[in-house]
Amino acid sequence: MNFDNKHKRSSKVKGALFQTLLRRIPPKQASSHLEDVVDALMDSLFEGEVDILMNKFSAPPNLRCKGWPEAHLEALKASGWLDGDTSPMVLIENQLSWRRWHEEMEEVIKNLKVRAKNTKLLVASISPKTDPINLQGLNTEQKLAVEAIIHQGVLLLSGGPGTGKTSTVVKILQRALEIKPTLKVGLAAPTGKAAARLQASVQKGIQKIQTLPSQSLSEIPCSTLHRWLGASHGSYKKNKNNPLNLDLLVVDEMSMVDIALMKALLEALPHQSQLVLVGDPNQLPPINSGAIWHRLQKNDTRIYFDEGAIHLKKTYRNRGDLASLSNLLCQKELYSFWDKLFKTSKTANIKAHQCKERLIPNLLTTQLRDHLRDLEELTQQLLKILPENLSPSSTTDITIGAEAELILSSIENLMVLCPKKLGFWGVDEVHKSFLGPSFKDNMTDWPQGTPVMCSENQSELGLANGDIGIVIGEGNQRRLLFRVLTESQKLVTRLINPARLKAIEPALAITIHKAQGSEADEVIVLWPEEISEATKENKLSTKQDLYDKRMLYTAITRARDSVDIFIPSVQVRNNPVISKLNG
DNA sequence: TTAAATGT
């Protein structure tokens with residue numbers, strides 16, 4: 001219902017855009033074929049991509065006109081929209097893109113290719129006397145990454161969860177600082193939470209290092225890309241005329257970086273500075289247009305970076321069907337995933353469940369209720385050791401008491417994930433079912449032990465958007481317990497008066513987008529969408545399939561132990577793939 | 001469908 005409205009609205013938006021284009025850049029010849037092409041390009045933008053492939057395998061859904069792609073290509077050529085240096089679209093081989101996005105993307109790629117050849121800084125300082133750092137415990141690819149920092153201006157370090165990206169980064173920094181101890185190094189990430197996580201893992205990594213550079217390692221500044229760049233409402237304090245004073249910058253979670261942010265970074269970063277770009281190529285694209293990381297992972301781009309393009313393959317997590325099904329999502333069509341999922345045994349660590357009613361599934365309700373009861377009991381135990389009266393205005397830090405630590409790690413026993421926030425099987429629906437229809441206005445009614453999410457950066461409290469905490473205590477003794485890294489790099493659990501928080505929401509369920517970077521032992525996924533047409537016929541993946549694969553991949557790779565995926569069975573019943581499997 | 005970030 002909701003989906004239909006949204007769908008209609010987005011067709012309206014696309015229709016309006018087409019009309020505007022017709023008016024502003026009148027085509028020599030207008031046609032419905034042209035409108036098809038504009039629609040397809042817009043859909044592509046919604047998914048963070050800037051181009052569409054115009055071949056017979058990549059026909060977009062809901063075409064008005066027959067004859068894809070020949071008739072559409074002909075209409076494009078007749079329109080004049082491909083002619084000259086100011087045309088709205090660009091066609092290269094059979095890749096069609098909006099000129100504006102295409103040129104920005106090409107510019108960024110070109111910039112990075114040039115930077116990749118800048119390697120003087122470390123090479124000049126290297127001397128045969130420097131003892132190579134201890135690379136024991138690293139696998140072959142990780143060692144190659146560490147050595148590559150000497151010879152490559154840009155490192156593209158890609159890998160899935162648990163492939164040791166961060167520990168490799170620590171070794172890279174150690175190697176670079178060992179060669180040139182005065183190197184000015186920075187750490188960055190696109191979100192506050194990712195930056196905090198990077199900071200914490202680097203801190204953890206350097207504790208193991210006994211040699212000289214560890215002193216300088218602990219002083220490496222880490223913040224969001226926006227903060228590095230001095231962003232304020234679309235403009236940046238740091239730019240070509242006021243560049244960043246850095247020799248080496250590490251950017252983590254590159255899959256969330258969009259083209260505009262990357263462009264701003266490259267403007268502000270001096271040409272001779274080295275870059276280490278780190279990310280998972282199979283995670284979700286950024287919401288805004290320009291999935292620069294996905295573009296950088298294409299083979300014909302990677303070759304320009306020589307030994308600087310390193311993919312970490314070996315996973316140190318996940319076994320059995322969970323591992324093989326996440327591999328399927330990376331390597332095969334979406335069809336193979338559903339096919340294998342419905343064939344897995346009842347004892348597998350990933351299972352699918354069909355639900356007849358359009359309600360919150362019983363199994364989820366039971367599991368979540370048990371989980372919340374456990375958390376509530378733990379909060380009671382913590383309350384017993386807290387002082388009778390907590391100070392109302394200030395925060396109270398507990399230096400990682402065993403009780404507080406146990407609560408926060410127990411939140412990660414179970415994570416409920418939804419692709420959507422609103423509508424059928426969305427995050428809000430789970431919250432309404434557990435906390436009542438007006439849960440947003442009645443925070444005081446959320447029971448003790450309710451997991452919560454901070455949804456705005458508040459660095460003065462040590463909190464980042466996306467941090468998960470828990471409700472403790474009642475009445476004016478109510479506090480929210482979070483794990484934070486203090487300015488002096490100490491890990492503490494902090495009790496915060498709810499009045500001090502700008503934005504807080506319940507976190508009984510969270511969106512898959514929000515879950516990027518988090519983990520839990522057990523993951524439950526509510527998958528409300530139809531298993532697509534293409535799935536039934538085992539065709540090549542559409543853009544939507546690619547997006548769904550990334551979504552499912554992100555969801556199931558959050559799990560340390562097991563995954564349960566719920567699918568509505570009305571749609572399942574009509575799906576030949578599944579009825580065949582069941583019959 | 002889905003985000004994210006910043007300063008006066």
# chains A, B, ... in the order shown; residues from 1 in each chain; ligands from 1
>>> closest_atom_pairs(of="chain A", to="chain B", cutoff="7 Å", atoms="only C-alpha atoms (C1' of nucleotides)", output="JSON lines")
{"residue": "A:Thr191", "atom": "CA", "partner": "B:DA4", "partner_atom": "C1'", "distance": 6.6}
{"residue": "A:His226", "atom": "CA", "partner": "B:DA5", "partner_atom": "C1'", "distance": 6.0}
{"residue": "A:Ala231", "atom": "CA", "partner": "B:DT6", "partner_atom": "C1'", "distance": 5.0}
{"residue": "A:Ser232", "atom": "CA", "partner": "B:DT6", "partner_atom": "C1'", "distance": 4.3}
{"residue": "A:His233", "atom": "CA", "partner": "B:DT6", "partner_atom": "C1'", "distance": 6.2}
{"residue": "A:Ile287", "atom": "CA", "partner": "B:DA3", "partner_atom": "C1'", "distance": 5.5}
{"residue": "A:Lys420", "atom": "CA", "partner": "B:DT1", "partner_atom": "C1'", "distance": 5.9}
{"residue": "A:His513", "atom": "CA", "partner": "B:DT2", "partner_atom": "C1'", "distance": 6.5}
>>> select_by_dssp(residues="region 110-227 of chain A", states="alpha helix (DSSP H)", output="PDB file with N, CA and C atoms, in the first residue's frame")
ATOM      1  N   LYS A 110      40.588  10.197 -12.170  1.00  0.00           N
ATOM      2  CA  LYS A 110      41.831  10.670 -12.782  1.00  0.00           C
ATOM      3  C   LYS A 110      42.772  11.230 -11.707  1.00  0.00           C
ATOM      4  N   ASN A 111      42.224  12.027 -10.814  1.00  0.00           N
ATOM      5  CA  ASN A 111      42.985  12.592  -9.703  1.00  0.00           C
ATOM      6  C   ASN A 111      43.655  11.487  -8.884  1.00  0.00           C
ATOM      7  N   LEU A 112      42.892  10.446  -8.579  1.00  0.00           N
ATOM      8  CA  LEU A 112      43.437   9.350  -7.768  1.00  0.00           C
ATOM      9  C   LEU A 112      44.517   8.578  -8.519  1.00  0.00           C
ATOM     10  N   LYS A 113      44.312   8.406  -9.832  1.00  0.00           N
ATOM     11  CA  LYS A 113      45.320   7.698 -10.633  1.00  0.00           C
ATOM     12  C   LYS A 113      46.642   8.450 -10.620  1.00  0.00           C
ATOM     13  N   VAL A 114      46.581   9.785 -10.707  1.00  0.00           N
ATOM     14  CA  VAL A 114      47.802  10.597 -10.674  1.00  0.00           C
ATOM     15  C   VAL A 114      48.471  10.483  -9.300  1.00  0.00           C
ATOM     16  N   ARG A 115      47.660  10.588  -8.245  1.00  0.00           N
ATOM     17  CA  ARG A 115      48.195  10.477  -6.885  1.00  0.00           C
ATOM     18  C   ARG A 115      48.857   9.122  -6.641  1.00  0.00           C
ATOM     19  N   ALA A 116      48.319   8.088  -7.285  1.00  0.00           N
ATOM     20  CA  ALA A 116      48.855   6.742  -7.079  1.00  0.00           C
ATOM     21  C   ALA A 116      50.337   6.667  -7.431  1.00  0.00           C
ATOM     22  N   LYS A 120      57.272   9.631  -3.548  1.00  0.00           N
ATOM     23  CA  LYS A 120      58.607  10.092  -3.147  1.00  0.00           C
ATOM     24  C   LYS A 120      58.795  10.146  -1.637  1.00  0.00           C
ATOM     25  N   LEU A 121      57.745  10.526  -0.938  1.00  0.00           N
ATOM     26  CA  LEU A 121      57.858  10.828   0.486  1.00  0.00           C
ATOM     27  C   LEU A 121      58.534   9.731   1.304  1.00  0.00           C
ATOM     28  N   LEU A 122      58.017   8.520   1.228  1.00  0.00           N
ATOM     29  CA  LEU A 122      58.565   7.442   2.051  1.00  0.00           C
ATOM     30  C   LEU A 122      59.830   6.860   1.439  1.00  0.00           C
ATOM     31  N   VAL A 123      59.840   6.731   0.125  1.00  0.00           N
ATOM     32  CA  VAL A 123      60.999   6.150  -0.553  1.00  0.00           C
ATOM     33  C   VAL A 123      62.252   6.960  -0.236  1.00  0.00           C
ATOM     34  N   ALA A 124      62.120   8.283  -0.181  1.00  0.00           N
ATOM     35  CA  ALA A 124      63.265   9.148   0.087  1.00  0.00           C
ATOM     36  C   ALA A 124      63.815   8.931   1.494  1.00  0.00           C
ATOM     37  N   SER A 125      62.955   8.548   2.419  1.00  0.00           N
ATOM     38  CA  SER A 125      63.397   8.408   3.809  1.00  0.00           C
ATOM     39  C   SER A 125      63.870   7.000   4.142  1.00  0.00           C
ATOM     40  N   THR A 140      49.520 -13.334   3.561  1.00  0.00           N
ATOM     41  CA  THR A 140      50.286 -12.826   2.413  1.00  0.00           C
ATOM     42  C   THR A 140      49.752 -11.490   1.912  1.00  0.00           C
ATOM     43  N   GLU A 141      48.423 -11.413   1.723  1.00  0.00           N
ATOM     44  CA  GLU A 141      47.848 -10.172   1.186  1.00  0.00           C
ATOM     45  C   GLU A 141      48.045  -9.001   2.141  1.00  0.00           C
ATOM     46  N   GLN A 142      47.898  -9.267   3.430  1.00  0.00           N
ATOM     47  CA  GLN A 142      48.082  -8.202   4.416  1.00  0.00           C
ATOM     48  C   GLN A 142      49.520  -7.694   4.410  1.00  0.00           C
ATOM     49  N   LYS A 143      50.477  -8.614   4.257  1.00  0.00           N
ATOM     50  CA  LYS A 143      51.882  -8.205   4.181  1.00  0.00           C
ATOM     51  C   LYS A 143      52.127  -7.353   2.941  1.00  0.00           C
ATOM     52  N   LEU A 144      51.511  -7.771   1.823  1.00  0.00           N
ATOM     53  CA  LEU A 144      51.661  -6.995   0.580  1.00  0.00           C
ATOM     54  C   LEU A 144      51.138  -5.577   0.771  1.00  0.00           C
ATOM     55  N   ALA A 145      50.028  -5.454   1.507  1.00  0.00           N
ATOM     56  CA  ALA A 145      49.445  -4.130   1.756  1.00  0.00           C
ATOM     57  C   ALA A 145      50.427  -3.264   2.534  1.00  0.00           C
ATOM     58  N   VAL A 146      51.076  -3.853   3.535  1.00  0.00           N
ATOM     59  CA  VAL A 146      52.014  -3.089   4.366  1.00  0.00           C
ATOM     60  C   VAL A 146      53.198  -2.617   3.514  1.00  0.00           C
ATOM     61  N   GLU A 147      53.706  -3.485   2.663  1.00  0.00           N
ATOM     62  CA  GLU A 147      54.843  -3.090   1.825  1.00  0.00           C
ATOM     63  C   GLU A 147      54.427  -2.063   0.770  1.00  0.00           C
ATOM     64  N   ALA A 148      53.171  -2.148   0.315  1.00  0.00           N
ATOM     65  CA  ALA A 148      52.704  -1.265  -0.756  1.00  0.00           C
ATOM     66  C   ALA A 148      52.723   0.208  -0.360  1.00  0.00           C
ATOM     67  N   ILE A 149      52.660   0.490   0.937  1.00  0.00           N
ATOM     68  CA  ILE A 149      52.613   1.889   1.380  1.00  0.00           C
ATOM     69  C   ILE A 149      53.893   2.634   0.985  1.00  0.00           C
ATOM     70  N   ILE A 150      54.982   1.875   0.779  1.00  0.00           N
ATOM     71  CA  ILE A 150      56.246   2.511   0.411  1.00  0.00           C
ATOM     72  C   ILE A 150      56.250   2.929  -1.058  1.00  0.00           C
ATOM     73  N   HIS A 151      55.595   2.142  -1.889  1.00  0.00           N
ATOM     74  CA  HIS A 151      55.726   2.356  -3.336  1.00  0.00           C
ATOM     75  C   HIS A 151      54.488   2.925  -4.005  1.00  0.00           C
ATOM     76  N   LYS A 165      41.022  -5.799   8.083  1.00  0.00           N
ATOM     77  CA  LYS A 165      41.350  -4.521   7.449  1.00  0.00           C
ATOM     78  C   LYS A 165      42.021  -3.568   8.448  1.00  0.00           C
ATOM     79  N   THR A 166      41.417  -3.463   9.632  1.00  0.00           N
ATOM     80  CA  THR A 166      41.946  -2.496  10.604  1.00  0.00           C
ATOM     81  C   THR A 166      43.314  -2.895  11.129  1.00  0.00           C
ATOM     82  N   SER A 167      43.512  -4.190  11.401  1.00  0.00           N
ATOM     83  CA  SER A 167      44.834  -4.581  11.906  1.00  0.00           C
ATOM     84  C   SER A 167      45.888  -4.362  10.832  1.00  0.00           C
ATOM     85  N   THR A 168      45.499  -4.507   9.561  1.00  0.00           N
ATOM     86  CA  THR A 168      46.435  -4.199   8.479  1.00  0.00           C
ATOM     87  C   THR A 168      46.752  -2.705   8.463  1.00  0.00           C
ATOM     88  N   VAL A 169      45.720  -1.881   8.677  1.00  0.00           N
ATOM     89  CA  VAL A 169      45.941  -0.429   8.716  1.00  0.00           C
ATOM     90  C   VAL A 169      46.934  -0.058   9.816  1.00  0.00           C
ATOM     91  N   VAL A 170      46.789  -0.675  10.993  1.00  0.00           N
ATOM     92  CA  VAL A 170      47.713  -0.383  12.092  1.00  0.00           C
ATOM     93  C   VAL A 170      49.151  -0.692  11.671  1.00  0.00           C
ATOM     94  N   LYS A 171      49.349  -1.842  11.028  1.00  0.00           N
ATOM     95  CA  LYS A 171      50.696  -2.230  10.581  1.00  0.00           C
ATOM     96  C   LYS A 171      51.212  -1.277   9.498  1.00  0.00           C
ATOM     97  N   ILE A 172      50.317  -0.843   8.627  1.00  0.00           N
ATOM     98  CA  ILE A 172      50.706   0.112   7.576  1.00  0.00           C
ATOM     99  C   ILE A 172      51.219   1.397   8.218  1.00  0.00           C
ATOM    100  N   LEU A 173      50.465   1.890   9.214  1.00  0.00           N
ATOM    101  CA  LEU A 173      50.869   3.126   9.894  1.00  0.00           C
ATOM    102  C   LEU A 173      52.194   2.943  10.616  1.00  0.00           C
ATOM    103  N   GLN A 174      52.318   1.777  11.235  1.00  0.00           N
ATOM    104  CA  GLN A 174      53.545   1.491  11.981  1.00  0.00           C
ATOM    105  C   GLN A 174      54.743   1.495  11.033  1.00  0.00           C
ATOM    106  N   ARG A 175      54.560   0.857   9.879  1.00  0.00           N
ATOM    107  CA  ARG A 175      55.632   0.785   8.876  1.00  0.00           C
ATOM    108  C   ARG A 175      55.995   2.187   8.380  1.00  0.00           C
ATOM    109  N   ALA A 176      54.966   2.975   8.069  1.00  0.00           N
ATOM    110  CA  ALA A 176      55.205   4.317   7.531  1.00  0.00           C
ATOM    111  C   ALA A 176      55.927   5.190   8.554  1.00  0.00           C
ATOM    112  N   LEU A 177      55.506   5.101   9.825  1.00  0.00           N
ATOM    113  CA  LEU A 177      56.115   5.935  10.863  1.00  0.00           C
ATOM    114  C   LEU A 177      57.523   5.471  11.222  1.00  0.00           C
ATOM    115  N   GLU A 178      57.756   4.187  11.031  1.00  0.00           N
ATOM    116  CA  GLU A 178      59.088   3.654  11.293  1.00  0.00           C
ATOM    117  C   GLU A 178      60.069   4.222  10.261  1.00  0.00           C
ATOM    118  N   ILE A 179      59.615   4.348   9.022  1.00  0.00           N
ATOM    119  CA  ILE A 179      60.480   4.905   7.980  1.00  0.00           C
ATOM    120  C   ILE A 179      60.656   6.406   8.169  1.00  0.00           C
ATOM    121  N   GLY A 192      30.341   9.521  12.208  1.00  0.00           N
ATOM    122  CA  GLY A 192      30.894   9.659  13.541  1.00  0.00           C
ATOM    123  C   GLY A 192      31.163   8.310  14.186  1.00  0.00           C
ATOM    124  N   LYS A 193      30.230   7.387  13.969  1.00  0.00           N
ATOM    125  CA  LYS A 193      30.354   6.068  14.579  1.00  0.00           C
ATOM    126  C   LYS A 193      31.541   5.314  13.972  1.00  0.00           C
ATOM    127  N   ALA A 194      31.675   5.396  12.647  1.00  0.00           N
ATOM    128  CA  ALA A 194      32.778   4.707  11.983  1.00  0.00           C
ATOM    129  C   ALA A 194      34.111   5.301  12.422  1.00  0.00           C
ATOM    130  N   ALA A 195      34.149   6.620  12.618  1.00  0.00           N
ATOM    131  CA  ALA A 195      35.377   7.273  13.065  1.00  0.00           C
ATOM    132  C   ALA A 195      35.725   6.816  14.482  1.00  0.00           C
ATOM    133  N   ALA A 196      34.717   6.743  15.353  1.00  0.00           N
ATOM    134  CA  ALA A 196      34.944   6.300  16.732  1.00  0.00           C
ATOM    135  C   ALA A 196      35.443   4.855  16.751  1.00  0.00           C
ATOM    136  N   ARG A 197      34.868   4.043  15.887  1.00  0.00           N
ATOM    137  CA  ARG A 197      35.254   2.633  15.821  1.00  0.00           C
ATOM    138  C   ARG A 197      36.690   2.494  15.332  1.00  0.00           C
ATOM    139  N   LEU A 198      37.041   3.271  14.317  1.00  0.00           N
ATOM    140  CA  LEU A 198      38.402   3.241  13.776  1.00  0.00           C
ATOM    141  C   LEU A 198      39.393   3.662  14.848  1.00  0.00           C
ATOM    142  N   GLN A 199      39.056   4.741  15.522  1.00  0.00           N
ATOM    143  CA  GLN A 199      39.894   5.249  16.613  1.00  0.00           C
ATOM    144  C   GLN A 199      40.126   4.167  17.669  1.00  0.00           C
ATOM    145  N   ALA A 200      39.023   3.512  18.076  1.00  0.00           N
ATOM    146  CA  ALA A 200      39.114   2.490  19.121  1.00  0.00           C
ATOM    147  C   ALA A 200      39.940   1.296  18.652  1.00  0.00           C
ATOM    148  N   SER A 201      39.748   0.851  17.394  1.00  0.00           N
ATOM    149  CA  SER A 201      40.500  -0.339  16.958  1.00  0.00           C
ATOM    150  C   SER A 201      41.972  -0.026  16.777  1.00  0.00           C
ATOM    151  N   VAL A 202      42.290   1.205  16.342  1.00  0.00           N
ATOM    152  CA  VAL A 202      43.702   1.566  16.222  1.00  0.00           C
ATOM    153  C   VAL A 202      44.330   1.610  17.621  1.00  0.00           C
ATOM    154  N   GLN A 203      43.594   2.173  18.589  1.00  0.00           N
ATOM    155  CA  GLN A 203      44.080   2.190  19.978  1.00  0.00           C
ATOM    156  C   GLN A 203      44.354   0.777  20.478  1.00  0.00           C
ATOM    157  N   LYS A 204      43.405  -0.111  20.192  1.00  0.00           N
ATOM    158  CA  LYS A 204      43.534  -1.502  20.626  1.00  0.00           C
ATOM    159  C   LYS A 204      44.736  -2.155  19.932  1.00  0.00           C
ATOM    160  N   GLY A 205      44.887  -1.853  18.637  1.00  0.00           N
ATOM    161  CA  GLY A 205      45.977  -2.438  17.857  1.00  0.00           C
ATOM    162  C   GLY A 205      47.345  -2.005  18.340  1.00  0.00           C
ATOM    163  N   ILE A 206      47.483  -0.750  18.745  1.00  0.00           N
ATOM    164  CA  ILE A 206      48.812  -0.258  19.126  1.00  0.00           C
ATOM    165  C   ILE A 206      49.228  -0.712  20.520  1.00  0.00           C
ATOM    166  N   SER A 214      55.091   3.360  18.450  1.00  0.00           N
ATOM    167  CA  SER A 214      53.779   3.293  19.096  1.00  0.00           C
ATOM    168  C   SER A 214      53.443   4.601  19.809  1.00  0.00           C
ATOM    169  N   GLN A 215      54.481   5.319  20.252  1.00  0.00           N
ATOM    170  CA  GLN A 215      54.265   6.625  20.871  1.00  0.00           C
ATOM    171  C   GLN A 215      53.520   7.554  19.903  1.00  0.00           C
ATOM    172  N   SER A 216      54.048   7.676  18.679  1.00  0.00           N
ATOM    173  CA  SER A 216      53.409   8.562  17.708  1.00  0.00           C
ATOM    174  C   SER A 216      52.071   7.996  17.237  1.00  0.00           C
ATOM    175  N   LEU A 217      51.942   6.674  17.229  1.00  0.00           N
ATOM    176  CA  LEU A 217      50.680   6.067  16.794  1.00  0.00           C
ATOM    177  C   LEU A 217      49.516   6.480  17.683  1.00  0.00           C
ATOM    178  N   LEU A 225      35.245  12.840   8.123  1.00  0.00           N
ATOM    179  CA  LEU A 225      35.756  13.582   6.966  1.00  0.00           C
ATOM    180  C   LEU A 225      35.255  15.022   6.996  1.00  0.00           C
ATOM    181  N   HIS A 226      33.983  15.191   7.364  1.00  0.00           N
ATOM    182  CA  HIS A 226      33.404  16.539   7.427  1.00  0.00           C
ATOM    183  C   HIS A 226      34.174  17.431   8.389  1.00  0.00           C
ATOM    184  N   ARG A 227      34.555  16.847   9.512  1.00  0.00           N
ATOM    185  CA  ARG A 227      35.257  17.639  10.501  1.00  0.00           C
ATOM    186  C   ARG A 227      36.677  17.980  10.036  1.00  0.00           C
TER     187      ARG A 227
END
>>> residues_around(residues="region 446-463 of chain A", least_positions_apart="6", cutoff="10 Å", atoms="only C-alpha atoms (C1' of nucleotides)", output="ChimeraX atom specification")
/A:191-193,196,371-380,395,407-408,411,434-436,439-440,469-474,478-487,492,494,496,500-510,514 /B:4-5
>>> residues_around(residues="region 265-273 of chain A", least_positions_apart="2", cutoff="6 Å", atoms="only C-alpha atoms (C1' of nucleotides)", output="PyMOL selection string")
chain A and resi 238-240+243-244+247-248+262-263
>>> atom_distance(atom1="CA of Asn134 (chain A)", atom2="CA of Val278 (chain A)")
22.0 Å
>>> atom_distance(atom1="CA of Leu261 (chain A)", atom2="CA of Asn288 (chain A)")
10.1 Å
>>> residues_around(residues="region 557-564 of chain A", least_positions_apart="5", cutoff="8 Å", atoms="only C-alpha atoms (C1' of nucleotides)", output="PyMOL selection string")
chain A and resi 161+317-318+322+326+349-353+515-525
>>> select_by_dssp(residues="region 102-234 of chain A", states="strand (DSSP E)", output="PyMOL selection string")
chain A and resi 154-159+185-189+222-224+231-232
>>> write_last_selection(atoms="C-alpha atoms", output="PDB file, in the first residue's frame")
ATOM      1  CA  VAL A 154      47.169   5.490  -3.093  1.00  0.00           C
ATOM      2  CA  LEU A 155      46.195   2.206  -1.447  1.00  0.00           C
ATOM      3  CA  LEU A 156      42.816   0.621  -2.140  1.00  0.00           C
ATOM      4  CA  LEU A 157      42.343  -1.834   0.709  1.00  0.00           C
ATOM      5  CA  SER A 158      39.159  -3.845   0.245  1.00  0.00           C
ATOM      6  CA  GLY A 159      37.706  -6.789   2.138  1.00  0.00           C
ATOM      7  CA  VAL A 185      49.182  11.090   9.748  1.00  0.00           C
ATOM      8  CA  GLY A 186      45.388  11.345  10.045  1.00  0.00           C
ATOM      9  CA  LEU A 187      42.467   8.922  10.360  1.00  0.00           C
ATOM     10  CA  ALA A 188      39.016   9.589   8.946  1.00  0.00           C
ATOM     11  CA  ALA A 189      35.631   8.025   8.242  1.00  0.00           C
ATOM     12  CA  CYS A 222      40.807  10.699  14.079  1.00  0.00           C
ATOM     13  CA  SER A 223      37.554  12.372  13.100  1.00  0.00           C
ATOM     14  CA  THR A 224      34.842  12.465  10.480  1.00  0.00           C
ATOM     15  CA  ALA A 231      32.362  21.423   6.535  1.00  0.00           C
ATOM     16  CA  SER A 232      29.512  23.789   7.163  1.00  0.00           C
TER      17      SER A 232
END
